[in-house]
>>> print(open('upload-v4.cif').read())   # mmCIF, C-alpha atoms and all ligand atoms; chains and numbers go by the auth columns
data_target
#
loop_
_atom_site.group_PDB
_atom_site.id
_atom_site.type_symbol
_atom_site.label_atom_id
_atom_site.label_comp_id
_atom_site.label_asym_id
_atom_site.label_seq_id
_atom_site.Cartn_x
_atom_site.Cartn_y
_atom_site.Cartn_z
_atom_site.B_iso_or_equiv
_atom_site.auth_seq_id
_atom_site.auth_asym_id
ATOM 1 C CA MET A 1 -3.756 -32.691 -16.987 0.00 1 J
ATOM 2 C CA VAL A 2 -7.003 -32.359 -15.119 0.00 2 J
ATOM 3 C CA TRP A 3 -5.500 -33.724 -11.888 0.00 3 J
ATOM 4 C CA LEU A 4 -2.911 -30.900 -11.838 0.00 4 J
ATOM 5 C CA GLU A 5 -5.581 -28.232 -12.413 0.00 5 J
ATOM 6 C CA ALA A 6 -7.752 -29.853 -9.725 0.00 6 J
ATOM 7 C CA SER A 7 -4.793 -29.906 -7.292 0.00 7 J
ATOM 8 C CA VAL A 8 -4.097 -26.218 -7.900 0.00 8 J
ATOM 9 C CA GLN A 9 -7.777 -25.407 -7.341 0.00 9 J
ATOM 10 C CA TRP A 10 -7.905 -27.576 -4.180 0.00 10 J
ATOM 11 C CA LEU A 11 -4.819 -25.906 -2.713 0.00 11 J
ATOM 12 C CA HIS A 12 -6.120 -22.463 -3.744 0.00 12 J
ATOM 13 C CA ILE A 13 -9.375 -23.069 -1.893 0.00 13 J
ATOM 14 C CA LEU A 14 -7.572 -24.553 1.140 0.00 14 J
ATOM 15 C CA PHE A 15 -5.295 -21.522 1.582 0.00 15 J
ATOM 16 C CA ALA A 16 -8.198 -19.166 0.844 0.00 16 J
ATOM 17 C CA ILE A 17 -10.240 -20.853 3.602 0.00 17 J
ATOM 18 C CA PHE A 18 -7.362 -20.258 6.015 0.00 18 J
ATOM 19 C CA TRP A 19 -6.903 -16.605 4.984 0.00 19 J
ATOM 20 C CA PHE A 20 -10.583 -15.635 4.779 0.00 20 J
ATOM 21 C CA GLY A 21 -11.486 -17.911 7.711 0.00 21 J
ATOM 22 C CA SER A 22 -9.013 -16.103 9.969 0.00 22 J
ATOM 23 C CA THR A 23 -10.843 -12.840 9.325 0.00 23 J
ATOM 24 C CA LEU A 24 -14.274 -14.409 9.881 0.00 24 J
ATOM 25 C CA PHE A 25 -13.067 -15.948 13.143 0.00 25 J
ATOM 26 C CA THR A 26 -11.499 -12.654 14.228 0.00 26 J
ATOM 27 C CA ASP A 27 -14.623 -10.599 13.442 0.00 27 J
ATOM 28 C CA PHE A 28 -17.274 -12.905 14.842 0.00 28 J
ATOM 29 C CA VAL A 29 -15.537 -14.876 17.621 0.00 29 J
ATOM 30 C CA LEU A 30 -12.242 -13.354 18.733 0.00 30 J
ATOM 31 C CA MET A 31 -13.084 -9.643 18.762 0.00 31 J
ATOM 32 C CA PRO A 32 -16.373 -9.945 20.716 0.00 32 J
ATOM 33 C CA ALA A 33 -14.497 -12.061 23.307 0.00 33 J
ATOM 34 C CA VAL A 34 -11.512 -9.683 23.425 0.00 34 J
ATOM 35 C CA MET A 35 -13.790 -6.656 23.936 0.00 35 J
ATOM 36 C CA ALA A 36 -15.198 -8.324 27.073 0.00 36 J
ATOM 37 C CA MET A 37 -11.783 -9.127 28.611 0.00 37 J
ATOM 38 C CA SER A 38 -9.770 -7.153 31.161 0.00 38 J
ATOM 39 C CA PRO A 39 -7.072 -4.831 29.707 0.00 39 J
ATOM 40 C CA ALA A 40 -4.323 -7.138 31.064 0.00 40 J
ATOM 41 C CA GLY A 41 -5.983 -10.208 29.532 0.00 41 J
ATOM 42 C CA GLN A 42 -6.388 -8.416 26.196 0.00 42 J
ATOM 43 C CA ARG A 43 -2.689 -7.539 26.195 0.00 43 J
ATOM 44 C CA GLU A 44 -1.564 -11.076 26.953 0.00 44 J
ATOM 45 C CA LEU A 45 -3.853 -12.624 24.339 0.00 45 J
ATOM 46 C CA GLY A 46 -2.747 -10.057 21.746 0.00 46 J
ATOM 47 C CA GLN A 47 0.925 -10.686 22.485 0.00 47 J
ATOM 48 C CA ARG A 48 0.445 -14.433 21.995 0.00 48 J
ATOM 49 C CA ILE A 49 -1.824 -14.355 18.933 0.00 49 J
ATOM 50 C CA GLY A 50 -0.240 -11.378 17.136 0.00 50 J
ATOM 51 C CA PRO A 51 3.126 -12.952 16.194 0.00 51 J
ATOM 52 C CA ILE A 52 1.541 -16.262 15.107 0.00 52 J
ATOM 53 C CA ALA A 53 -1.015 -14.506 12.911 0.00 53 J
ATOM 54 C CA ALA A 54 1.660 -12.184 11.493 0.00 54 J
ATOM 55 C CA ARG A 55 3.726 -15.243 10.510 0.00 55 J
ATOM 56 C CA LEU A 56 1.016 -17.515 9.064 0.00 56 J
ATOM 57 C CA GLU A 57 -1.510 -15.180 7.451 0.00 57 J
ATOM 58 C CA PRO A 58 0.823 -13.563 4.892 0.00 58 J
ATOM 59 C CA ARG A 59 1.914 -17.049 3.791 0.00 59 J
ATOM 60 C CA ALA A 60 -1.681 -18.178 3.314 0.00 60 J
ATOM 61 C CA ALA A 61 -2.430 -14.927 1.455 0.00 61 J
ATOM 62 C CA VAL A 62 0.529 -15.266 -0.921 0.00 62 J
ATOM 63 C CA ALA A 63 -0.289 -18.948 -1.575 0.00 63 J
ATOM 64 C CA THR A 64 -3.946 -18.070 -2.281 0.00 64 J
ATOM 65 C CA ILE A 65 -2.992 -15.288 -4.686 0.00 65 J
ATOM 66 C CA VAL A 66 -0.267 -17.221 -6.548 0.00 66 J
ATOM 67 C CA LEU A 67 -2.445 -20.335 -6.914 0.00 67 J
ATOM 68 C CA GLY A 68 -5.426 -18.209 -7.985 0.00 68 J
ATOM 69 C CA ALA A 69 -3.211 -16.508 -10.571 0.00 69 J
ATOM 70 C CA LEU A 70 -2.090 -19.911 -11.909 0.00 70 J
ATOM 71 C CA ARG A 71 -5.655 -21.278 -11.859 0.00 71 J
ATOM 72 C CA GLY A 72 -6.842 -18.414 -14.057 0.00 72 J
ATOM 73 C CA THR A 73 -3.887 -18.375 -16.479 0.00 73 J
ATOM 74 C CA VAL A 74 -1.816 -21.568 -16.857 0.00 74 J
ATOM 75 C CA PHE A 75 -4.833 -23.725 -15.916 0.00 75 J
ATOM 76 C CA GLY A 76 -7.556 -21.353 -17.084 0.00 76 J
ATOM 77 C CA PRO A 77 -8.774 -19.214 -19.951 0.00 77 J
ATOM 78 C CA VAL A 78 -6.761 -16.020 -19.258 0.00 78 J
ATOM 79 C CA GLN A 79 -3.969 -16.768 -21.711 0.00 79 J
ATOM 80 C CA SER A 80 -3.812 -13.570 -23.784 0.00 80 J
ATOM 81 C CA PRO A 81 -4.260 -9.813 -23.269 0.00 81 J
ATOM 82 C CA SER A 82 -7.590 -9.988 -25.130 0.00 82 J
ATOM 83 C CA ALA A 83 -8.817 -12.775 -22.820 0.00 83 J
ATOM 84 C CA LEU A 84 -7.750 -10.611 -19.867 0.00 84 J
ATOM 85 C CA VAL A 85 -9.504 -7.371 -20.787 0.00 85 J
ATOM 86 C CA GLY A 86 -11.965 -8.548 -23.447 0.00 86 J
ATOM 87 C CA THR A 87 -13.900 -11.205 -21.527 0.00 87 J
ATOM 88 C CA ALA A 88 -16.041 -11.113 -18.389 0.00 88 J
ATOM 89 C CA TYR A 89 -13.924 -13.941 -16.925 0.00 89 J
ATOM 90 C CA GLY A 90 -10.657 -12.062 -17.537 0.00 90 J
ATOM 91 C CA LEU A 91 -11.963 -8.832 -16.009 0.00 91 J
ATOM 92 C CA THR A 92 -13.370 -10.646 -12.984 0.00 92 J
ATOM 93 C CA TRP A 93 -10.049 -12.475 -12.521 0.00 93 J
ATOM 94 C CA LEU A 94 -8.130 -9.185 -12.808 0.00 94 J
ATOM 95 C CA ALA A 95 -10.430 -7.469 -10.298 0.00 95 J
ATOM 96 C CA SER A 96 -9.915 -10.394 -7.878 0.00 96 J
ATOM 97 C CA LEU A 97 -6.156 -10.206 -8.280 0.00 97 J
ATOM 98 C CA LEU A 98 -6.051 -6.455 -7.640 0.00 98 J
ATOM 99 C CA LEU A 99 -8.437 -6.685 -4.679 0.00 99 J
ATOM 100 C CA ALA A 100 -6.484 -9.557 -3.122 0.00 100 J
ATOM 101 C CA VAL A 101 -3.118 -7.817 -3.562 0.00 101 J
ATOM 102 C CA GLY A 102 -4.644 -4.680 -1.993 0.00 102 J
ATOM 103 C CA LEU A 103 -6.018 -6.781 0.847 0.00 103 J
ATOM 104 C CA PHE A 104 -2.621 -8.363 1.428 0.00 104 J
ATOM 105 C CA ALA A 105 -0.924 -4.940 1.453 0.00 105 J
ATOM 106 C CA PHE A 106 -3.584 -3.607 3.844 0.00 106 J
ATOM 107 C CA GLY A 107 -2.926 -6.538 6.193 0.00 107 J
ATOM 108 C CA GLU A 108 0.832 -6.079 6.095 0.00 108 J
ATOM 109 C CA TRP A 109 1.105 -2.292 6.284 0.00 109 J
ATOM 110 C CA VAL A 110 -2.047 -1.173 8.094 0.00 110 J
ATOM 111 C CA LEU A 111 -3.563 -3.980 10.185 0.00 111 J
ATOM 112 C CA THR A 112 -0.434 -5.739 11.487 0.00 112 J
ATOM 113 C CA PRO A 113 1.226 -2.456 12.613 0.00 113 J
ATOM 114 C CA ALA A 114 -2.066 -1.462 14.299 0.00 114 J
ATOM 115 C CA VAL A 115 -2.093 -4.759 16.245 0.00 115 J
ATOM 116 C CA ALA A 116 1.571 -4.244 17.178 0.00 116 J
ATOM 117 C CA ARG A 117 0.750 -0.810 18.662 0.00 117 J
ATOM 118 C CA ILE A 118 -1.701 -2.274 21.237 0.00 118 J
ATOM 119 C CA PRO A 119 0.867 -3.481 23.839 0.00 119 J
ATOM 120 C CA GLY A 120 2.366 0.044 23.864 0.00 120 J
ATOM 121 C CA ALA A 121 -0.881 1.647 25.106 0.00 121 J
ATOM 122 C CA THR A 122 -0.270 3.561 28.328 0.00 122 J
ATOM 123 C CA THR A 123 -3.889 3.733 29.567 0.00 123 J
ATOM 124 C CA PRO A 124 -6.881 1.346 29.376 0.00 124 J
ATOM 125 C CA GLU A 125 -8.701 4.033 27.341 0.00 125 J
ATOM 126 C CA GLU A 126 -5.912 4.192 24.758 0.00 126 J
ATOM 127 C CA GLN A 127 -5.833 0.387 24.610 0.00 127 J
ATOM 128 C CA ALA A 128 -9.609 0.258 24.038 0.00 128 J
ATOM 129 C CA ARG A 129 -9.254 2.872 21.267 0.00 129 J
ATOM 130 C CA LEU A 130 -6.475 0.878 19.544 0.00 130 J
ATOM 131 C CA ILE A 131 -8.473 -2.372 19.780 0.00 131 J
ATOM 132 C CA GLY A 132 -11.501 -0.561 18.298 0.00 132 J
ATOM 133 C CA GLN A 133 -9.300 0.597 15.411 0.00 133 J
ATOM 134 C CA VAL A 134 -8.115 -2.978 14.775 0.00 134 J
ATOM 135 C CA ARG A 135 -11.734 -4.133 14.797 0.00 135 J
ATOM 136 C CA ARG A 136 -12.680 -1.530 12.162 0.00 136 J
ATOM 137 C CA TYR A 137 -9.738 -2.615 9.997 0.00 137 J
ATOM 138 C CA THR A 138 -10.792 -6.270 10.183 0.00 138 J
ATOM 139 C CA LEU A 139 -14.331 -5.276 9.128 0.00 139 J
ATOM 140 C CA ILE A 140 -12.870 -3.490 6.084 0.00 140 J
ATOM 141 C CA GLN A 141 -10.987 -6.713 5.295 0.00 141 J
ATOM 142 C CA LEU A 142 -14.212 -8.675 5.634 0.00 142 J
ATOM 143 C CA ALA A 143 -15.936 -6.464 3.043 0.00 143 J
ATOM 144 C CA ALA A 144 -13.078 -7.025 0.577 0.00 144 J
ATOM 145 C CA PHE A 145 -13.144 -10.796 1.174 0.00 145 J
ATOM 146 C CA LEU A 146 -16.882 -10.900 0.475 0.00 146 J
ATOM 147 C CA LEU A 147 -16.339 -9.051 -2.814 0.00 147 J
ATOM 148 C CA ILE A 148 -13.585 -11.480 -3.809 0.00 148 J
ATOM 149 C CA LEU A 149 -15.833 -14.426 -2.998 0.00 149 J
ATOM 150 C CA VAL A 150 -18.535 -12.963 -5.255 0.00 150 J
ATOM 151 C CA ALA A 151 -15.903 -12.749 -8.013 0.00 151 J
ATOM 152 C CA MET A 152 -14.972 -16.435 -7.472 0.00 152 J
ATOM 153 C CA VAL A 153 -18.576 -17.550 -7.926 0.00 153 J
ATOM 154 C CA LEU A 154 -18.987 -15.253 -10.957 0.00 154 J
ATOM 155 C CA MET A 155 -15.934 -16.838 -12.617 0.00 155 J
ATOM 156 C CA HIS A 156 -17.427 -20.265 -12.092 0.00 156 J
ATOM 157 C CA TYR A 157 -20.376 -19.244 -14.319 0.00 157 J
ATOM 158 C CA GLU A 158 -18.375 -17.095 -16.762 0.00 158 J
ATOM 159 C CA GLY A 159 -15.770 -19.800 -17.467 0.00 159 J
HETATM 160 C C1 LIG B . -9.515 -14.544 -0.270 0.00 201 J
HETATM 161 C C2 LIG B . -9.452 -14.674 -1.510 0.00 201 J
HETATM 162 C C3 LIG B . -10.034 -15.813 -2.266 0.00 201 J
HETATM 163 C C4 LIG B . -10.992 -16.741 -1.920 0.00 201 J
HETATM 164 C C5 LIG B . -11.747 -16.873 -0.599 0.00 201 J
HETATM 165 C C6 LIG B . -11.157 -17.609 -3.060 0.00 201 J
HETATM 166 C C7 LIG B . -12.008 -18.695 -3.112 0.00 201 J
HETATM 167 C C8 LIG B . -12.250 -19.457 -4.224 0.00 201 J
HETATM 168 C C9 LIG B . -13.223 -20.520 -4.323 0.00 201 J
HETATM 169 C C10 LIG B . -14.139 -20.979 -3.180 0.00 201 J
HETATM 170 C C11 LIG B . -13.193 -21.009 -5.587 0.00 201 J
HETATM 171 C C12 LIG B . -14.067 -22.103 -6.189 0.00 201 J
HETATM 172 C C13 LIG B . -15.231 -21.375 -6.887 0.00 201 J
HETATM 173 C C14 LIG B . -16.137 -22.267 -7.669 0.00 201 J
HETATM 174 O O1 LIG B . -15.689 -23.280 -8.231 0.00 201 J
HETATM 175 O O2 LIG B . -17.339 -21.948 -7.746 0.00 201 J
HETATM 176 C C15 LIG B . -12.188 -20.266 -6.304 0.00 201 J
HETATM 177 C C16 LIG B . -11.869 -20.447 -7.614 0.00 201 J
HETATM 178 C C17 LIG B . -11.004 -19.668 -8.331 0.00 201 J
HETATM 179 N N1 LIG B . -10.240 -18.635 -7.847 0.00 201 J
HETATM 180 FE FE1 LIG B . -10.259 -17.917 -5.949 0.00 201 J
HETATM 181 N N2 LIG B . -10.328 -17.177 -4.062 0.00 201 J
HETATM 182 C C18 LIG B . -9.624 -16.076 -3.610 0.00 201 J
HETATM 183 C C19 LIG B . -8.711 -15.323 -4.289 0.00 201 J
HETATM 184 C C20 LIG B . -8.416 -15.461 -5.629 0.00 201 J
HETATM 185 C C21 LIG B . -7.540 -14.623 -6.394 0.00 201 J
HETATM 186 C C22 LIG B . -6.784 -13.419 -5.820 0.00 201 J
HETATM 187 C C23 LIG B . -7.530 -15.086 -7.669 0.00 201 J
HETATM 188 C C24 LIG B . -6.789 -14.562 -8.873 0.00 201 J
HETATM 189 C C25 LIG B . -5.575 -14.115 -8.811 0.00 201 J
HETATM 190 C C26 LIG B . -8.394 -16.237 -7.711 0.00 201 J
HETATM 191 C C27 LIG B . -8.654 -17.006 -8.827 0.00 201 J
HETATM 192 C C28 LIG B . -9.524 -18.080 -8.902 0.00 201 J
HETATM 193 C C29 LIG B . -9.851 -18.796 -10.118 0.00 201 J
HETATM 194 C C30 LIG B . -9.306 -18.492 -11.501 0.00 201 J
HETATM 195 C C31 LIG B . -10.777 -19.785 -9.768 0.00 201 J
HETATM 196 C C32 LIG B . -11.454 -20.787 -10.703 0.00 201 J
HETATM 197 C C33 LIG B . -12.754 -20.137 -11.209 0.00 201 J
HETATM 198 C C34 LIG B . -13.449 -21.010 -12.239 0.00 201 J
HETATM 199 O O3 LIG B . -13.010 -20.973 -13.407 0.00 201 J
HETATM 200 O O4 LIG B . -14.416 -21.722 -11.873 0.00 201 J
HETATM 201 N N3 LIG B . -8.917 -16.433 -6.463 0.00 201 J
HETATM 202 N N4 LIG B . -11.622 -19.336 -5.457 0.00 201 J
#
>>> encode(input="upload-v4.cif", output="structure tokens")
Amino acid sequence: MVWLEASVQWLHILFAIFWFGSTLFTDFVLMPAVMAMSPAGQRELGQRIGPIAARLEPRAAVATIVLGALRGTVFGPVQSPSALVGTAYGLTWLASLLLAVGLFAFGEWVLTPAVARIPGATTPEEQARLIGQVRRYTLIQLAAFLLILVAMVLMHYEG
């Protein structure tokens, strides 16, 4: 059923674009603009964007991970323990899975709480420090996304 495998891959890539794309947009468009705004403007923007991102991004992340897991197993070559740990494809797939789950956990338990702390800042200096912390966290995310993308391309040639 090639069409089913192709649909899983298409949806996997679509959700991955949303998840990874959000981080690229945040790092290269949103954050530079936010850093140049007034403290009041930063707070209002954060209060509007924060809840939407906190609702949509985990869904895109879970969909990406589940579809990627299916693409490698049910619709891919990782169908036994030996294929998982005894082949380059299996190891690359496993590394991607672990990295992506770690990235998801980092988003949920480190980044999102850090964003939620920003409106509670009592001085412009504290607010600037909290925004700087969020920026560093999104750069860490970016590094992990780039590694995962390398793994995706590797699997294409290992498969
Ligand atoms: C942000 C995370 C991810 C991004 C941006 C991403 C992106 C992509 C892209 C662009 C492809 C197509 C690659 C190609 O055909 O050359 C792909 C394929 C694939 N992805 Fe992901 N992916 C992500 C996470 C994951 C995770 C966590 C898994 C495993 C649980 C996974 C498993 C796969 C598999 C098995 C393929 C097919 C590889 C092949 O055999 O050609 N992906 N992904």
>>> closest_residue(input="upload-v4.cif", among="J:Val134, J:Leu142, J:Leu14, J:Val153", to="J:Leu67", atoms="all atoms listed in the file")
J:Leu14
>>> residues_near_ligand(input="upload-v4.cif", ligand="ligand LIG 201 (chain J)", cutoff="7 Å", atoms="all atoms listed in the file", output="PyMOL selection string")
chain J and resi 9+12-13+16-17+19-20+64-66+68-69+71-72+76+93-94+96-97+100+145+148-149+152-153+155-157+159
>>> write_last_selection(input="upload-v4.cif", atoms="C-alpha atoms", output="PDB file, keeping the file's coordinate frame")
ATOM      1  CA  GLN J   9      -7.777 -25.407  -7.341  1.00  0.00           C
ATOM      2  CA  HIS J  12      -6.120 -22.463  -3.744  1.00  0.00           C
ATOM      3  CA  ILE J  13      -9.375 -23.069  -1.893  1.00  0.00           C
ATOM      4  CA  ALA J  16      -8.198 -19.166   0.844  1.00  0.00           C
ATOM      5  CA  ILE J  17     -10.240 -20.853   3.602  1.00  0.00           C
ATOM      6  CA  TRP J  19      -6.903 -16.605   4.984  1.00  0.00           C
ATOM      7  CA  PHE J  20     -10.583 -15.635   4.779  1.00  0.00           C
ATOM      8  CA  THR J  64      -3.946 -18.070  -2.281  1.00  0.00           C
ATOM      9  CA  ILE J  65      -2.992 -15.288  -4.686  1.00  0.00           C
ATOM     10  CA  VAL J  66      -0.267 -17.221  -6.548  1.00  0.00           C
ATOM     11  CA  GLY J  68      -5.426 -18.209  -7.985  1.00  0.00           C
ATOM     12  CA  ALA J  69      -3.211 -16.508 -10.571  1.00  0.00           C
ATOM     13  CA  ARG J  71      -5.655 -21.278 -11.859  1.00  0.00           C
ATOM     14  CA  GLY J  72      -6.842 -18.414 -14.057  1.00  0.00           C
ATOM     15  CA  GLY J  76      -7.556 -21.353 -17.084  1.00  0.00           C
ATOM     16  CA  TRP J  93     -10.049 -12.475 -12.521  1.00  0.00           C
ATOM     17  CA  LEU J  94      -8.130  -9.185 -12.808  1.00  0.00           C
ATOM     18  CA  SER J  96      -9.915 -10.394  -7.878  1.00  0.00           C
ATOM     19  CA  LEU J  97      -6.156 -10.206  -8.280  1.00  0.00           C
ATOM     20  CA  ALA J 100      -6.484  -9.557  -3.122  1.00  0.00           C
ATOM     21  CA  PHE J 145     -13.144 -10.796   1.174  1.00  0.00           C
ATOM     22  CA  ILE J 148     -13.585 -11.480  -3.809  1.00  0.00           C
ATOM     23  CA  LEU J 149     -15.833 -14.426  -2.998  1.00  0.00           C
ATOM     24  CA  MET J 152     -14.972 -16.435  -7.472  1.00  0.00           C
ATOM     25  CA  VAL J 153     -18.576 -17.550  -7.926  1.00  0.00           C
ATOM     26  CA  MET J 155     -15.934 -16.838 -12.617  1.00  0.00           C
ATOM     27  CA  HIS J 156     -17.427 -20.265 -12.092  1.00  0.00           C
ATOM     28  CA  TYR J 157     -20.376 -19.244 -14.319  1.00  0.00           C
ATOM     29  CA  GLY J 159     -15.770 -19.800 -17.467  1.00  0.00           C
TER      30      GLY J 159
END
>>> residues_around(input="upload-v4.cif", residues="stretch 114-116 of chain J", least_positions_apart="3", cutoff="12 Å", atoms="all atoms listed in the file", output="PyMOL selection string")
chain J and resi 42-43+45-51+53-54+106-111+119-121+127-138
>>> resolve_selection(input="upload-v4.cif", expression="the PyMOL selection byres (((chain J and resi 88) around 12) and not hetatm)", output="ChimeraX atom specification")
/J:77-78,82-87,89-95,151,154-159
>>> closest_residue(input="upload-v4.cif", among="J:Met31, J:Leu99, J:Arg55, J:Thr112", to="J:Leu147", atoms="only C-alpha atoms")
J:Leu99
>>> atom_distance(input="upload-v4.cif", atom1="atom CA of J:Ala33", atom2="atom CA of J:Glu125")
17.6 Å
>>> atom_distance(input="upload-v4.cif", atom1="atom CA of J:Gly102", atom2="atom CA of J:Ala144")
9.1 Å
>>> closest_residue(input="upload-v4.cif", among="J:Pro124, J:Glu44, J:Gln141, J:Glu5", to="J:Asp27", atoms="all atoms listed in the file")
J:Gln141
>>> decode(input="upload-v4.cif", residues="stretch 143-158 of chain J", atoms="N, CA and C atoms", output="compact mmCIF listing (two decimals), in the first residue's frame")
# COMPACT_ATOMS: atom_id res chain seq x y z
N ALA J 143 19.31 23.81 17.42
CA ALA J 143 20.42 22.87 17.24
C ALA J 143 19.90 21.43 17.17
N ALA J 144 18.95 21.10 18.06
CA ALA J 144 18.41 19.74 18.05
C ALA J 144 17.63 19.46 16.76
N PHE J 145 16.87 20.45 16.29
CA PHE J 145 16.12 20.28 15.04
C PHE J 145 17.08 20.03 13.87
N LEU J 146 18.19 20.76 13.85
CA LEU J 146 19.14 20.58 12.74
C LEU J 146 19.72 19.17 12.75
N LEU J 147 20.00 18.66 13.96
CA LEU J 147 20.52 17.29 14.08
C LEU J 147 19.48 16.28 13.57
N ILE J 148 18.22 16.50 13.96
CA ILE J 148 17.17 15.58 13.52
C ILE J 148 17.03 15.61 12.00
N LEU J 149 17.14 16.79 11.44
CA LEU J 149 17.02 16.91 9.97
C LEU J 149 18.17 16.16 9.28
N VAL J 150 19.36 16.24 9.87
CA VAL J 150 20.49 15.46 9.31
C VAL J 150 20.12 13.97 9.33
N ALA J 151 19.54 13.53 10.46
CA ALA J 151 19.16 12.11 10.58
C ALA J 151 18.13 11.72 9.51
N MET J 152 17.18 12.63 9.22
CA MET J 152 16.16 12.34 8.19
C MET J 152 16.81 12.10 6.83
N VAL J 153 17.76 12.96 6.49
CA VAL J 153 18.43 12.83 5.18
C VAL J 153 19.29 11.57 5.17
N LEU J 154 19.95 11.28 6.31
CA LEU J 154 20.76 10.04 6.38
C LEU J 154 19.88 8.82 6.11
N MET J 155 18.70 8.78 6.76
CA MET J 155 17.81 7.62 6.59
C MET J 155 17.40 7.43 5.13
N HIS J 156 17.23 8.55 4.45
CA HIS J 156 16.86 8.47 3.04
C HIS J 156 17.89 7.64 2.26
N TYR J 157 19.19 7.82 2.60
CA TYR J 157 20.25 7.11 1.88
C TYR J 157 20.56 5.73 2.48
N GLU J 158 20.21 5.55 3.77
CA GLU J 158 20.48 4.26 4.41
C GLU J 158 19.39 3.22 4.08
